[in-house]
Each structure stands twice: as C-alpha cells, then as structure tokens.
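To be precise, the following lines are data_31.cif, and they hold mmCIF, C-alpha atoms and all ligand atoms.
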```cif
data_input
loop_
_atom_site.group_PDB
_atom_site.id
_atom_site.type_symbol
_atom_site.label_atom_id
_atom_site.label_comp_id
_atom_site.auth_asym_id
_atom_site.auth_seq_id
_atom_site.Cartn_x
_atom_site.Cartn_y
_atom_site.Cartn_z
ATOM 1 C CA MET C 1393 -38.521 49.493 -154.443
ATOM 2 C CA PRO C 1394 -41.734 50.755 -156.038
ATOM 3 C CA LYS C 1395 -41.601 52.300 -159.483
ATOM 4 C CA GLY C 1396 -42.484 56.000 -159.744
ATOM 5 C CA LYS C 1397 -43.009 56.553 -156.038
ATOM 6 C CA TYR C 1398 -39.831 58.076 -154.599
ATOM 7 C CA PHE C 1399 -38.601 61.113 -156.513
ATOM 8 C CA TYR C 1400 -35.608 63.338 -155.809
ATOM 9 C CA ASP C 1401 -33.871 66.310 -157.426
ATOM 10 C CA ASP C 1402 -30.888 64.828 -159.208
ATOM 11 C CA PRO C 1403 -27.816 67.079 -158.768
ATOM 12 C CA VAL C 1404 -26.270 66.037 -162.112
ATOM 13 C CA LEU C 1405 -29.312 65.449 -164.316
ATOM 14 C CA ARG C 1406 -30.953 68.568 -162.790
ATOM 15 C CA GLN C 1407 -34.372 66.988 -163.074
ATOM 16 C CA ARG C 1408 -36.899 65.523 -160.697
ATOM 17 C CA THR C 1409 -35.965 61.830 -161.024
ATOM 18 C CA ASP C 1410 -37.390 58.466 -159.956
ATOM 19 C CA ALA C 1411 -34.947 57.059 -157.365
ATOM 20 C CA ARG C 1412 -35.647 53.500 -158.501
ATOM 21 C CA ALA C 1413 -34.985 54.273 -162.175
ATOM 22 C CA GLN C 1414 -31.700 56.042 -161.374
ATOM 23 C CA THR C 1415 -30.605 53.225 -159.078
ATOM 24 C CA ILE C 1416 -30.991 50.841 -162.037
ATOM 25 C CA GLN C 1417 -28.881 53.185 -164.194
ATOM 26 C CA ILE C 1418 -26.189 53.202 -161.493
ATOM 27 C CA GLY C 1419 -26.295 49.389 -161.471
ATOM 28 C CA ILE C 1420 -25.664 49.385 -165.221
ATOM 29 C CA ASP C 1421 -22.684 51.751 -164.724
ATOM 30 C CA GLU C 1422 -21.303 49.209 -162.247
ATOM 31 C CA MET C 1423 -21.628 46.403 -164.790
ATOM 32 C CA TYR C 1424 -19.519 48.446 -167.207
ATOM 33 C CA HIS C 1425 -16.934 49.040 -164.474
ATOM 34 C CA ALA C 1426 -16.748 45.299 -163.795
ATOM 35 C CA LEU C 1427 -16.393 44.638 -167.515
ATOM 36 C CA GLN C 1428 -13.655 47.253 -167.991
ATOM 37 C CA LEU C 1429 -11.673 45.942 -165.032
ATOM 38 C CA GLY C 1430 -12.165 42.338 -166.154
ATOM 39 C CA ILE C 1431 -10.770 43.128 -169.594
ATOM 40 C CA VAL C 1432 -7.728 44.830 -168.040
ATOM 41 C CA LEU C 1433 -7.173 41.805 -165.776
ATOM 42 C CA ILE C 1434 -7.286 39.467 -168.802
ATOM 43 C CA GLN C 1435 -4.727 41.697 -170.569
ATOM 44 C CA MET C 1436 -2.511 41.389 -167.481
ATOM 45 C CA GLY C 1437 -2.804 37.604 -167.626
ATOM 46 C CA ALA C 1438 -4.944 37.435 -164.491
ATOM 47 C CA GLU C 1439 -8.272 35.711 -163.927
ATOM 48 C CA PRO C 1440 -11.307 37.967 -163.378
ATOM 49 C CA SER C 1441 -14.094 36.714 -161.135
ATOM 50 C CA PHE C 1442 -17.448 37.844 -159.819
ATOM 51 C CA GLY C 1443 -16.438 37.006 -156.280
ATOM 52 C CA THR C 1444 -17.771 39.733 -154.019
ATOM 53 C CA ASP C 1445 -18.106 40.969 -150.484
ATOM 54 C CA GLU C 1446 -21.323 40.046 -148.730
ATOM 55 C CA VAL C 1447 -24.413 41.522 -150.381
ATOM 56 C CA VAL C 1448 -27.035 42.832 -147.962
ATOM 57 C CA ARG C 1449 -30.679 43.772 -148.477
ATOM 58 C CA SER C 1450 -32.440 45.569 -145.630
ATOM 59 C CA PRO C 1451 -36.213 45.805 -145.308
ATOM 60 C CA GLN C 1452 -36.133 49.614 -145.297
ATOM 61 C CA ILE C 1453 -35.349 51.374 -148.561
ATOM 62 C CA ILE C 1454 -33.291 54.092 -146.916
ATOM 63 C CA ASP C 1455 -30.959 51.597 -145.210
ATOM 64 C CA ASN C 1456 -30.092 50.132 -148.613
ATOM 65 C CA LEU C 1457 -29.485 53.570 -150.101
ATOM 66 C CA ARG C 1458 -27.246 54.515 -147.159
ATOM 67 C CA ARG C 1459 -25.262 51.346 -147.601
ATOM 68 C CA ASP C 1460 -24.992 51.976 -151.355
ATOM 69 C CA LYS C 1461 -23.652 55.464 -150.637
ATOM 70 C CA LEU C 1462 -21.060 54.056 -148.209
ATOM 71 C CA THR C 1463 -19.951 51.517 -150.812
ATOM 72 C CA GLU C 1464 -19.592 54.286 -153.396
ATOM 73 C CA GLU C 1465 -17.462 56.304 -150.967
ATOM 74 C CA MET C 1466 -15.278 53.296 -150.234
ATOM 75 C CA VAL C 1467 -14.748 52.468 -153.895
ATOM 76 C CA THR C 1468 -14.069 56.116 -154.828
ATOM 77 C CA ASP C 1469 -11.323 56.141 -152.229
ATOM 78 C CA LEU C 1470 -9.875 52.896 -153.636
ATOM 79 C CA TYR C 1471 -9.735 54.287 -157.176
ATOM 80 C CA GLN C 1472 -8.414 57.699 -156.222
ATOM 81 C CA SER C 1473 -5.724 56.322 -153.916
ATOM 82 C CA ALA C 1474 -4.501 53.680 -156.400
ATOM 83 C CA GLU C 1475 -0.734 53.848 -156.748
ATOM 84 C CA ILE C 1476 0.198 53.522 -160.386
ATOM 85 C CA GLU C 1477 3.764 54.046 -161.532
ATOM 86 C CA PRO C 1478 3.575 57.442 -163.296
ATOM 87 C CA GLY C 1479 3.562 57.074 -167.071
ATOM 88 C CA ALA C 1480 3.819 53.251 -166.993
ATOM 89 C CA PHE C 1481 0.170 52.416 -167.746
ATOM 90 C CA PRO C 1482 -1.382 55.700 -168.923
ATOM 91 C CA LYS C 1483 -4.572 54.137 -170.310
ATOM 92 C CA VAL C 1484 -5.245 52.130 -167.159
ATOM 93 C CA GLU C 1485 -4.483 55.177 -165.023
ATOM 94 C CA ASN C 1486 -6.889 57.229 -167.159
ATOM 95 C CA MET C 1487 -9.559 54.512 -166.814
ATOM 96 C CA VAL C 1488 -9.212 54.430 -163.034
ATOM 97 C CA TRP C 1489 -9.762 58.196 -162.801
ATOM 98 C CA ASN C 1490 -12.677 58.099 -165.251
ATOM 99 C CA ILE C 1491 -14.402 55.343 -163.261
ATOM 100 C CA SER C 1492 -13.733 57.185 -160.009
ATOM 101 C CA TYR C 1493 -15.820 60.130 -161.217
ATOM 102 C CA ASP C 1494 -18.745 57.844 -162.042
ATOM 103 C CA GLU C 1495 -18.508 56.823 -158.388
ATOM 104 C CA VAL C 1496 -18.338 60.459 -157.265
ATOM 105 C CA ARG C 1497 -21.539 61.100 -159.245
ATOM 106 C CA HIS C 1498 -23.149 58.007 -157.675
ATOM 107 C CA ILE C 1499 -22.312 59.311 -154.175
ATOM 108 C CA ASP C 1500 -23.995 62.645 -154.954
ATOM 109 C CA GLN C 1501 -27.016 60.923 -156.472
ATOM 110 C CA PHE C 1502 -27.496 58.533 -153.549
ATOM 111 C CA ALA C 1503 -27.030 61.430 -151.107
ATOM 112 C CA ALA C 1504 -29.793 63.367 -152.875
ATOM 113 C CA MET C 1505 -32.112 60.333 -152.845
ATOM 114 C CA ILE C 1506 -31.533 59.797 -149.119
ATOM 115 C CA ALA C 1507 -32.142 63.470 -148.313
ATOM 116 C CA ALA C 1508 -35.353 63.546 -150.395
ATOM 117 C CA ILE C 1509 -36.759 60.418 -148.748
ATOM 118 C CA GLU C 1510 -35.888 61.755 -145.293
ATOM 119 C CA SER C 1511 -37.425 65.162 -145.911
ATOM 120 C CA ALA C 1512 -40.593 63.562 -147.326
ATOM 121 C CA GLY C 1513 -40.950 61.705 -144.018
ATOM 122 C CA GLU C 1514 -40.547 58.375 -145.827
ATOM 123 C CA ALA C 1515 -37.517 57.085 -143.912
ATOM 124 C CA GLY C 1516 -39.600 54.153 -142.693
ATOM 125 C CA ALA C 1517 -40.677 53.093 -146.216
ATOM 126 C CA VAL C 1518 -40.038 49.417 -146.887
ATOM 127 C CA CYS C 1519 -38.941 47.419 -149.939
ATOM 128 C CA PHE C 1520 -41.184 44.759 -151.437
ATOM 129 C CA ARG C 1521 -41.021 41.699 -149.189
ATOM 130 C CA PRO C 1522 -40.684 37.997 -150.042
ATOM 131 C CA HIS C 1523 -44.015 36.183 -150.501
ATOM 132 C CA PRO C 1524 -44.646 33.962 -147.434
ATOM 133 C CA ASP C 1525 -45.536 30.992 -149.713
ATOM 134 C CA ARG C 1526 -42.678 31.360 -152.175
ATOM 135 C CA GLU C 1527 -41.217 27.955 -151.238
ATOM 136 C CA ARG C 1528 -44.566 26.180 -151.633
ATOM 137 C CA ARG C 1529 -46.158 27.725 -154.689
ATOM 138 C CA GLU C 1530 -45.181 26.061 -157.983
ATOM 139 C CA ASP C 1531 -45.704 29.244 -160.009
ATOM 140 C CA LEU C 1532 -43.441 31.344 -157.770
ATOM 141 C CA LYS C 1533 -40.828 28.585 -157.623
ATOM 142 C CA LEU C 1534 -40.677 28.384 -161.413
ATOM 143 C CA ILE C 1535 -40.454 32.166 -161.943
ATOM 144 C CA HIS C 1536 -37.655 32.334 -159.335
ATOM 145 C CA GLU C 1537 -35.869 29.521 -161.156
ATOM 146 C CA VAL C 1538 -36.160 31.365 -164.476
ATOM 147 C CA CYS C 1539 -34.866 34.495 -162.742
ATOM 148 C CA ARG C 1540 -31.900 32.579 -161.309
ATOM 149 C CA THR C 1541 -31.084 31.217 -164.775
ATOM 150 C CA GLU C 1542 -31.247 34.700 -166.303
ATOM 151 C CA ASN C 1543 -28.852 35.958 -163.630
ATOM 152 C CA GLU C 1544 -26.519 33.033 -164.303
ATOM 153 C CA LEU C 1545 -26.513 33.608 -168.062
ATOM 154 C CA THR C 1546 -26.026 37.386 -167.661
ATOM 155 C CA HIS C 1547 -22.843 36.710 -165.708
ATOM 156 C CA ARG C 1548 -21.605 33.802 -167.806
ATOM 157 C CA TYR C 1549 -21.833 35.831 -171.007
ATOM 158 C CA LEU C 1550 -20.167 38.794 -169.310
ATOM 159 C CA ARG C 1551 -17.349 36.588 -168.101
ATOM 160 C CA TYR C 1552 -16.791 35.272 -171.649
ATOM 161 C CA VAL C 1553 -16.883 38.843 -173.007
ATOM 162 C CA MET C 1554 -13.881 39.495 -170.748
ATOM 163 C CA MET C 1555 -12.138 36.277 -171.762
ATOM 164 C CA PHE C 1556 -12.536 36.889 -175.510
ATOM 165 C CA SER C 1557 -12.329 40.684 -175.495
ATOM 166 C CA GLU C 1558 -9.602 40.714 -178.159
ATOM 167 C CA HIS C 1559 -12.015 38.971 -180.556
ATOM 168 C CA GLN C 1560 -14.318 41.949 -181.112
ATOM 169 C CA ASP C 1561 -16.954 40.186 -183.199
ATOM 170 C CA LEU C 1562 -17.429 37.340 -180.728
ATOM 171 C CA SER C 1563 -17.226 39.491 -177.614
ATOM 172 C CA GLN C 1564 -19.796 42.023 -178.853
ATOM 173 C CA ARG C 1565 -22.258 39.267 -179.713
ATOM 174 C CA LEU C 1566 -21.788 37.748 -176.266
ATOM 175 C CA PHE C 1567 -22.203 41.183 -174.700
ATOM 176 C CA LYS C 1568 -25.515 41.713 -176.493
ATOM 177 C CA ASN C 1569 -26.800 38.437 -175.089
ATOM 178 C CA SER C 1570 -25.580 39.315 -171.598
ATOM 179 C CA VAL C 1571 -27.554 42.574 -171.722
ATOM 180 C CA ASN C 1572 -30.671 40.771 -173.026
ATOM 181 C CA HIS C 1573 -30.498 38.361 -170.090
ATOM 182 C CA MET C 1574 -30.027 41.234 -167.655
ATOM 183 C CA ARG C 1575 -33.117 42.992 -169.067
ATOM 184 C CA HIS C 1576 -35.108 39.782 -168.735
ATOM 185 C CA TRP C 1577 -33.933 39.388 -165.144
ATOM 186 C CA ASP C 1578 -35.103 42.942 -164.441
ATOM 187 C CA LYS C 1579 -38.491 42.345 -166.126
ATOM 188 C CA LEU C 1580 -38.931 39.097 -164.158
ATOM 189 C CA SER C 1581 -38.326 41.093 -160.960
ATOM 190 C CA GLY C 1582 -41.306 43.214 -161.996
ATOM 191 C CA ILE C 1583 -43.376 40.083 -162.658
ATOM 192 C CA LEU C 1584 -42.530 38.773 -159.187
ATOM 193 C CA VAL C 1585 -43.742 42.056 -157.673
ATOM 194 C CA LYS C 1586 -47.023 41.709 -159.587
ATOM 195 C CA MET C 1587 -47.298 38.224 -158.075
ATOM 196 C CA GLY C 1588 -46.842 39.640 -154.557
ATOM 197 C CA ASP C 1589 -43.209 38.546 -154.240
ATOM 198 C CA VAL C 1590 -39.802 40.130 -154.892
ATOM 199 C CA VAL C 1591 -36.667 39.048 -156.718
ATOM 200 C CA ALA C 1592 -34.554 36.737 -154.557
ATOM 201 C CA ILE C 1593 -30.981 37.434 -153.548
ATOM 202 C CA GLU C 1594 -29.337 34.134 -154.270
ATOM 203 C CA ASN C 1595 -27.935 32.132 -151.374
ATOM 204 C CA ALA C 1596 -29.210 34.708 -148.893
ATOM 205 C CA SER C 1597 -30.344 34.034 -145.362
ATOM 206 C CA ALA C 1598 -32.460 36.481 -143.372
ATOM 207 C CA ASP C 1599 -32.028 37.433 -139.702
ATOM 208 C CA ALA C 1600 -34.845 38.147 -137.248
ATOM 209 C CA ALA C 1601 -35.069 41.765 -138.430
ATOM 210 C CA GLY C 1602 -35.544 40.579 -142.026
ATOM 211 C CA VAL C 1603 -32.082 41.691 -143.177
ATOM 212 C CA GLU C 1604 -30.935 39.322 -145.942
ATOM 213 C CA ARG C 1605 -27.235 38.591 -146.378
ATOM 214 C CA SER C 1606 -25.587 36.582 -149.124
ATOM 215 C CA PRO C 1607 -21.943 35.618 -149.478
ATOM 216 C CA ARG C 1608 -22.613 34.395 -153.044
ATOM 217 C CA PRO C 1609 -25.207 36.584 -154.785
ATOM 218 C CA MET C 1610 -23.718 35.910 -158.207
ATOM 219 C CA PRO C 1611 -22.951 32.645 -159.972
ATOM 220 C CA VAL C 1612 -19.546 31.226 -159.065
ATOM 221 C CA ASP C 1613 -19.350 28.483 -161.688
ATOM 222 C CA TYR C 1614 -18.119 29.448 -165.159
ATOM 223 C CA PRO C 1615 -17.663 26.288 -167.195
ATOM 224 C CA GLY C 1616 -15.589 26.497 -170.355
ATOM 225 C CA THR C 1617 -11.916 27.327 -170.343
ATOM 226 C CA GLY C 1618 -11.559 28.359 -173.975
ATOM 227 C CA ARG C 1619 -13.545 29.616 -176.933
ATOM 228 C CA LEU C 1620 -14.994 26.259 -178.004
ATOM 229 C CA THR C 1621 -15.707 24.863 -174.545
ATOM 230 C CA ALA C 1622 -17.338 28.144 -173.472
ATOM 231 C CA LEU C 1623 -19.578 28.208 -176.547
ATOM 232 C CA GLU C 1624 -20.426 24.541 -176.022
ATOM 233 C CA THR C 1625 -21.787 25.268 -172.542
ATOM 234 C CA LEU C 1626 -23.946 28.242 -173.604
ATOM 235 C CA LEU C 1627 -26.136 26.420 -176.140
ATOM 236 C CA PRO C 1628 -27.628 23.861 -173.692
ATOM 237 C CA SER C 1629 -28.122 26.626 -171.103
ATOM 238 C CA GLU C 1630 -30.153 28.652 -173.608
ATOM 239 C CA GLN C 1631 -32.122 25.559 -174.608
ATOM 240 C CA GLY C 1632 -32.835 24.854 -170.932
ATOM 241 C CA LEU C 1633 -34.049 28.422 -170.497
ATOM 242 C CA VAL C 1634 -36.422 28.040 -173.468
ATOM 243 C CA ALA C 1635 -37.897 24.949 -171.778
ATOM 244 C CA LYS C 1636 -38.382 26.883 -168.516
ATOM 245 C CA TYR C 1637 -40.168 29.731 -170.307
ATOM 246 C CA GLU C 1638 -42.387 27.243 -172.131
ATOM 247 C CA ALA C 1639 -43.255 25.687 -168.766
ATOM 248 C CA ALA C 1640 -43.972 29.162 -167.340
ATOM 249 C CA LEU C 1641 -46.516 29.737 -170.121
ATOM 250 C CA GLY C 1642 -48.400 26.730 -168.788
ATOM 251 C CA LEU C 1643 -48.859 28.300 -165.340
ATOM 252 C CA GLY C 1644 -52.001 30.195 -166.280
ATOM 253 C CA LEU C 1645 -50.596 33.545 -165.155
ATOM 254 C CA ALA C 1646 -52.258 36.909 -165.871
ATOM 255 C CA GLU C 1647 -52.410 37.874 -169.529
ATOM 256 C CA GLU C 1648 -49.946 40.794 -169.301
ATOM 257 C CA ILE C 1649 -47.434 38.523 -167.549
ATOM 258 C CA GLN C 1650 -47.836 35.860 -170.224
ATOM 259 C CA ALA C 1651 -47.296 38.490 -172.934
ATOM 260 C CA GLN C 1652 -44.012 39.500 -171.254
ATOM 261 C CA ILE C 1653 -42.910 35.887 -170.910
ATOM 262 C CA LYS C 1654 -43.625 35.303 -174.609
ATOM 263 C CA LEU C 1655 -41.279 38.183 -175.488
ATOM 264 C CA HIS C 1656 -38.549 36.615 -173.347
ATOM 265 C CA LEU C 1657 -39.151 33.197 -174.889
ATOM 266 C CA ALA C 1658 -38.897 34.586 -178.420
ATOM 267 C CA LEU C 1659 -35.593 36.352 -177.728
ATOM 268 C CA THR C 1660 -34.222 33.275 -175.969
ATOM 269 C CA ARG C 1661 -35.046 31.254 -179.106
ATOM 270 C CA GLU C 1662 -33.050 33.833 -181.074
ATOM 271 C CA HIS C 1663 -30.144 33.201 -178.681
ATOM 272 C CA VAL C 1664 -30.431 29.440 -179.287
ATOM 273 C CA PHE C 1665 -30.161 30.061 -183.038
ATOM 274 C CA THR C 1666 -27.239 32.488 -182.675
ATOM 275 C CA GLN C 1667 -25.296 30.375 -180.192
ATOM 276 C CA ASP C 1668 -25.751 27.297 -182.367
ATOM 277 C CA LYS C 1669 -24.240 29.196 -185.318
ATOM 278 C CA LEU C 1670 -21.428 30.778 -183.253
ATOM 279 C CA LEU C 1671 -20.427 27.284 -182.174
ATOM 280 C CA GLU C 1672 -20.712 25.853 -185.688
ATOM 281 C CA ASN C 1673 -18.633 28.702 -187.144
ATOM 282 C CA ALA C 1674 -15.974 28.450 -184.448
ATOM 283 C CA ARG C 1675 -15.609 24.776 -185.313
ATOM 284 C CA ARG C 1676 -15.561 25.575 -189.050
ATOM 285 C CA ILE C 1677 -12.786 28.141 -188.769
ATOM 286 C CA GLY C 1678 -10.872 26.456 -185.995
ATOM 287 C CA VAL C 1679 -9.998 29.665 -184.119
ATOM 288 C CA PRO C 1680 -7.435 28.734 -181.421
ATOM 289 C CA ASP C 1681 -9.151 27.679 -178.210
ATOM 290 C CA ALA C 1682 -7.830 30.413 -175.941
HETATM 291 FE FE FE B 1 -18.187 51.184 -159.930
HETATM 292 FE FE FE B 2 -20.674 53.484 -158.254
#
```
What is this structure when it is put down as structure tokens?
Ligand SMILES: [Fe+2]
Ligand SMILES: [Fe+2]
Amino acid sequence: MPKGKYFYDDPVLRQRTDARAQTIQIGIDEMYHALQLGIVLIQMGAEPSFGTDEVVRSPQIIDNLRRDKLTEEMVTDLYQSAEIEPGAFPKVENMVWNISYDEVRHIDQFAAMIAAIESAGEAGAVCFRPHPDRERREDLKLIHEVCRTENELTHRYLRYVMMFSEHQDLSQRLFKNSVNHMRHWDKLSGILVKMGDVVAIENASADAAGVERSPRPMPVDYPGTGRLTALETLLPSEQGLVAKYEAALGLGLAEEIQAQIKLHLALTREHVFTQDKLLENARRIGVPDA
C-alpha cells in the first residue's frame, strides 16, 4: 500500500499513524513470535517449520486489513485457549499470554485502520498492482529474483537461529543477517513500486478478480542439518546474491535505485566475509554438529 497516504488514530500509540508503517511493525512482531515459538519447539525436540496456511492478497487494501484482523482474532483465541498443565511450564505459559496481548493490540490497531479508511470514503482504494510486463522485462525479472533470494535468506537464517539458539554468539550473528535480508527485501519492494510493479507473493496464482493466493509464500527448503552443513550452505547463497546485485547494477536503473542497490551489495559483501569466517572458525574449533 502507498507510503504516507492512509492515516489512522492509533488506540495504543495515541498518535495519528501511517497504516502502512504500522502494518510493517506488526509484521516484525509476528517474526518475533515465530522465532520465540521456534526456539520453544527446538527445546521440546520438535522441528519448527515455516509451513503456513494459504496466504491471500486482495486488490483492495481494506480487504487485506479485514483479513489481517480476522487472523489476529483467530490467533488470539488459540493462545488464550491453550491448555497448559498449571505450573508445569511456567515460562512457556507466560510467553503464550505475553504474545496473546501483542495479538490483542494488533486487533485493535487493524480495527482502527479499517474504521479510518472506511470513514475517509477510501474503502475502494487498491494496492499497487503487478506490472503487466513483469514476465517479459529483464530488469523486473532480475529485481524479482533478487527479492526472492532475500526472502529465502531471511527465512533460512531465521530457521538456523532457532536451530542453534543455545549457542548465543552464533544465533545472534545469524539473527542480525536475517534482519538485514528482511530490510533489503522491504527496500526492494519499494524499488519495485518505483518501477511500476509490486513485490510478488511467491508461488501465487491470481483469480479473475485479481485475488492472489499462495500455498507456499515462504521458502520450504532449508538445507543443512547441523551447524557445519548449515554454515556451508549460507556462504554460496550470499555469494550468489552478490552476483545478482552486481548484475542489477548493470541494468541502467534510475540513480536513486542504483544507490540503494549499492548499499545492499556492500552489506551482502559484509555477509560473505562474516559467513566465510563463521564457517572457518566452526571448523577450527570443531563445535559438535548439532
Ligand atoms: Fe503473532
Ligand atoms: Fe498479531
């Protein structure tokens, strides 16, 4: 949705707030929830995944916000009705209640956004739409491919943060890289808008009304079963991303877009350096591969 266009009175922040900006903040809250739950699952000896229900994007902004609000209501109910043996897992029980109140806040925030858009007579406002030539234009294809890679690396790092959460040094370094990739993904979404397109929902198909649905919006493949094998897979992925950014600089895009891409390229080169050393040091010390 457009930046700085749809404002609402936030019931918690008690400020006039950009609906888009707050929706991003809510998305970040959800990443923390996924991370917290993933770490608990690892501690229980289970396997976390990013498998998800169908993700839907409707052409009209308000339909997406209404669906978001419904999802928040559903998940609040799941957390608050969880049956946990009293006193058996006090920290997990505490976590579940803490998360549930983030969801309660999200419900109130989405409700306020929906009401503000309705009362401004903007219920028909539409999201940015896919560029009709996105499959044919080399520049758009490459930026979408970079975007897809950023999404993949965001999730792969996050998955390894869960797997190695008891190794605080390693997991915090991986977390930093996950967040960097997420920021780049977000910035690339902005670049796509400047190019007259919009970030893709991976593996989505659209119906006649333009509603996109994806059963697999997030990467499903997480190579690497232990510390060494996981680190071994990250280095070539980062190197591949550097090559894609270098290719993107050859597209002759607008100067401000090139400047943004250069920032991403520089930080990705930092990741190549860091990941190379994390791998080298893991081999040097011989930390057990699990
Ligand atoms: Fe959540
Ligand atoms: Fe939420």
The PyMOL selection byres (((chain C and resi 1401-1410) around 8) and not hetatm) resolved against shown file, as a ChimeraX atom specification: /C:1395-1400,1411-1414,1497,1500-1501,1504-1505,1508
With 9 Å as the cut-off and all atoms listed in the file counted, what is the closest atom pair between each nearby residue of chain C and ligand FE 1 (chain B)? Distances in Å to one decimal, ordered by chain and number, as JSON lines.
```
{"residue": "C:Ile1418", "atom": "CA", "partner": "B:FE1", "partner_atom": "FE", "distance": 8.4}
{"residue": "C:Gly1419", "atom": "CA", "partner": "B:FE1", "partner_atom": "FE", "distance": 8.4}
{"residue": "C:Asp1421", "atom": "CA", "partner": "B:FE1", "partner_atom": "FE", "distance": 6.6}
{"residue": "C:Glu1422", "atom": "CA", "partner": "B:FE1", "partner_atom": "FE", "distance": 4.4}
{"residue": "C:Met1423", "atom": "CA", "partner": "B:FE1", "partner_atom": "FE", "distance": 7.6}
{"residue": "C:Tyr1424", "atom": "CA", "partner": "B:FE1", "partner_atom": "FE", "distance": 7.9}
{"residue": "C:His1425", "atom": "CA", "partner": "B:FE1", "partner_atom": "FE", "distance": 5.2}
{"residue": "C:Ala1426", "atom": "CA", "partner": "B:FE1", "partner_atom": "FE", "distance": 7.2}
{"residue": "C:Glu1464", "atom": "CA", "partner": "B:FE1", "partner_atom": "FE", "distance": 7.4}
{"residue": "C:Val1467", "atom": "CA", "partner": "B:FE1", "partner_atom": "FE", "distance": 7.1}
{"residue": "C:Thr1468", "atom": "CA", "partner": "B:FE1", "partner_atom": "FE", "distance": 8.2}
{"residue": "C:Ile1491", "atom": "CA", "partner": "B:FE1", "partner_atom": "FE", "distance": 6.5}
{"residue": "C:Ser1492", "atom": "CA", "partner": "B:FE1", "partner_atom": "FE", "distance": 7.5}
{"residue": "C:Asp1494", "atom": "CA", "partner": "B:FE1", "partner_atom": "FE", "distance": 7.0}
{"residue": "C:Glu1495", "atom": "CA", "partner": "B:FE1", "partner_atom": "FE", "distance": 5.9}
{"residue": "C:His1498", "atom": "CA", "partner": "B:FE1", "partner_atom": "FE", "distance": 8.7}
```
Atom-to-atom span, atom CA of C:Ile1454 and atom CA of C:Ser1511, Å: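 Going from atom CA of C:Ile1454 over to atom CA of C:Ser1511 covers 11.9 Å.
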Separation of atom CA of C:Ser1563 from atom CA of C:Glu1662 in Å: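 Calculated distance between atom CA of C:Glu1662 and atom CA of C:Ser1563 is 17.2 Å.
Within the file as shown, the PyMOL selection byres (((chain C and resi 1590) around 9) and not hetatm) identifies Cys1519, Phe1520, Arg1521, Pro1522, His1523, Ser1581, Gly1582, Ile1583, Leu1584, Val1585, Lys1586, Met1587, Gly1588, Asp1589, Val1591 and Ala1592 of chain C.
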Residues in the PyMOL selection byres (((chain C and resi 1471) around 10) and not hetatm), expressed as a ChimeraX atom specification: /C:1466-1470,1472-1475,1485,1487-1493,1495
Among listed residues C:Ala1651, C:Leu1429, C:Leu1657, C:Ile1677, nearest C:Val1634 (using only C-alpha atoms):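 Between C:Ala1651, C:Leu1429, C:Leu1657, C:Ile1677, the residue approaching C:Val1634 most closely is C:Leu1657.
Among C:Val1538, C:Met1610, C:Leu1620, C:Leu1545, the residue with the shortest atom-to-atom distance to C:Ala1640, counting all atoms listed in the file, is C:Val1538.
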